[in-house]
Amino acid sequence: MLDNLKAEAQQALAELWSENLIPFELTARQVNSEDSEEYTVRFFDSRLHSVNVRWKVGQSFKDLVRVAVLARVPKQGVGH
């Protein structure tokens with residue numbers, strides 16, 4: 001399951017980058033389960049180390065990752 005969530009997280013990151021919504025490219029390196037609804041997506045990037053996502057079955061993990069990343073990444077200087 002964590003591999004599927006990692007793939008969804010990476011898809012969200014790729015879309016954010018291609019839509020010029022984040023100023024740098026990120027790679028989902030790892031997804032950890034803190035408990036049954038709390039997940040940490042780790043990037044191992046000095047600009048953004050990780051984001052926490054509260055997810056329940058039936059919700060879109062990809063959409064929640066998008067929201068979490070957009071909330072943490074500075075909006076100025078977006079574009080590549």
# chains A, B, ... in the order shown; residues from 1 in each chain; ligands from 1
$ residues_around --residues "A:Phe44" --least-positions-apart "6" --cutoff "9 Å" --atoms "only C-alpha atoms" --output "count of residues only"
5
$ select_by_dssp --residues "stretch 12-65 of chain A" --states "strand (DSSP E)" --output "list in words"
Gln30, Val31, Asn32, Ser33, Glu38, Tyr39, Thr40, Val41, Arg42, Phe43, Phe44, Asp45, Leu48, His49, Ser50, Val51, Asn52, Val53 and Arg54 of chain A
$ closest_residue --among "A:Ser46, A:Val73, A:Val51, A:Glu34" --to "A:Leu2" --atoms "only C-alpha atoms"
A:Glu34
$ closest_residue --among "A:Lys56, A:Lys62, A:Arg72, A:His49" --to "A:Ala9" --atoms "only C-alpha atoms"
A:Lys62
$ select_by_dssp --residues "chain A" --states "helix (DSSP H, G or I)" --output "JSON, numbers by chain"
{"A": [2, 3, 4, 5, 6, 7, 8, 9, 10, 11, 12, 13, 14, 15, 16, 17, 18, 61, 62, 63, 64, 65, 66, 67, 68, 69, 70, 71, 72]}
$ write_last_selection --atoms "N, CA and C atoms" --output "compact mmCIF listing (two decimals), in the first residue's frame"
# COMPACT_ATOMS: atom_id res chain seq x y z
N LEU A 2 1.94 1.28 0.79
CA LEU A 2 2.78 2.48 0.85
C LEU A 2 3.41 2.79 -0.50
N ASP A 3 3.73 1.75 -1.27
CA ASP A 3 4.28 1.98 -2.61
C ASP A 3 3.25 2.67 -3.50
N ASN A 4 1.98 2.28 -3.38
CA ASN A 4 0.92 2.93 -4.16
C ASN A 4 0.76 4.39 -3.75
N LEU A 5 0.83 4.66 -2.44
CA LEU A 5 0.72 6.04 -1.97
C LEU A 5 1.91 6.87 -2.43
N LYS A 6 3.09 6.27 -2.44
CA LYS A 6 4.29 6.97 -2.93
C LYS A 6 4.12 7.33 -4.40
N ALA A 7 3.58 6.42 -5.19
CA ALA A 7 3.35 6.68 -6.62
C ALA A 7 2.34 7.81 -6.81
N GLU A 8 1.28 7.82 -5.99
CA GLU A 8 0.29 8.90 -6.07
C GLU A 8 0.92 10.23 -5.67
N ALA A 9 1.75 10.21 -4.63
CA ALA A 9 2.42 11.43 -4.20
C ALA A 9 3.32 11.95 -5.31
N GLN A 10 4.06 11.06 -5.97
CA GLN A 10 4.94 11.49 -7.04
C GLN A 10 4.16 12.07 -8.21
N GLN A 11 3.03 11.48 -8.50
CA GLN A 11 2.19 12.01 -9.57
C GLN A 11 1.73 13.43 -9.24
N ALA A 12 1.35 13.65 -7.99
CA ALA A 12 0.93 14.99 -7.56
C ALA A 12 2.07 15.97 -7.70
N LEU A 13 3.27 15.57 -7.30
CA LEU A 13 4.44 16.46 -7.39
C LEU A 13 4.77 16.78 -8.85
N ALA A 14 4.71 15.79 -9.70
CA ALA A 14 4.99 16.01 -11.13
C ALA A 14 3.98 16.98 -11.73
N GLU A 15 2.72 16.85 -11.35
CA GLU A 15 1.69 17.75 -11.85
C GLU A 15 1.91 19.18 -11.35
N LEU A 16 2.22 19.33 -10.06
CA LEU A 16 2.48 20.66 -9.52
C LEU A 16 3.63 21.34 -10.26
N TRP A 17 4.68 20.59 -10.54
CA TRP A 17 5.85 21.12 -11.24
C TRP A 17 5.47 21.50 -12.68
N SER A 18 4.76 20.61 -13.36
CA SER A 18 4.41 20.89 -14.77
C SER A 18 3.41 22.03 -14.89
N PHE A 61 -5.42 10.51 -2.07
CA PHE A 61 -4.12 10.80 -1.46
C PHE A 61 -3.37 11.84 -2.30
N LYS A 62 -3.46 11.70 -3.62
CA LYS A 62 -2.79 12.63 -4.52
C LYS A 62 -3.26 14.06 -4.28
N ASP A 63 -4.56 14.26 -4.16
CA ASP A 63 -5.09 15.61 -3.92
C ASP A 63 -4.64 16.16 -2.57
N LEU A 64 -4.59 15.30 -1.56
CA LEU A 64 -4.15 15.74 -0.24
C LEU A 64 -2.67 16.12 -0.24
N VAL A 65 -1.87 15.40 -1.00
CA VAL A 65 -0.45 15.75 -1.13
C VAL A 65 -0.31 17.09 -1.82
N ARG A 66 -1.08 17.31 -2.87
CA ARG A 66 -1.04 18.61 -3.56
C ARG A 66 -1.31 19.76 -2.59
N VAL A 67 -2.36 19.62 -1.81
CA VAL A 67 -2.74 20.67 -0.85
C VAL A 67 -1.63 20.87 0.18
N ALA A 68 -1.08 19.78 0.69
CA ALA A 68 -0.04 19.87 1.72
C ALA A 68 1.22 20.55 1.17
N VAL A 69 1.61 20.20 -0.04
CA VAL A 69 2.82 20.81 -0.63
C VAL A 69 2.58 22.28 -0.93
N LEU A 70 1.44 22.61 -1.51
CA LEU A 70 1.14 24.01 -1.82
C LEU A 70 1.09 24.87 -0.56
N ALA A 71 0.68 24.29 0.55
CA ALA A 71 0.63 25.04 1.81
C ALA A 71 2.02 25.32 2.36
N ARG A 72 3.00 24.52 1.96
CA ARG A 72 4.35 24.64 2.52
C ARG A 72 5.37 25.31 1.61
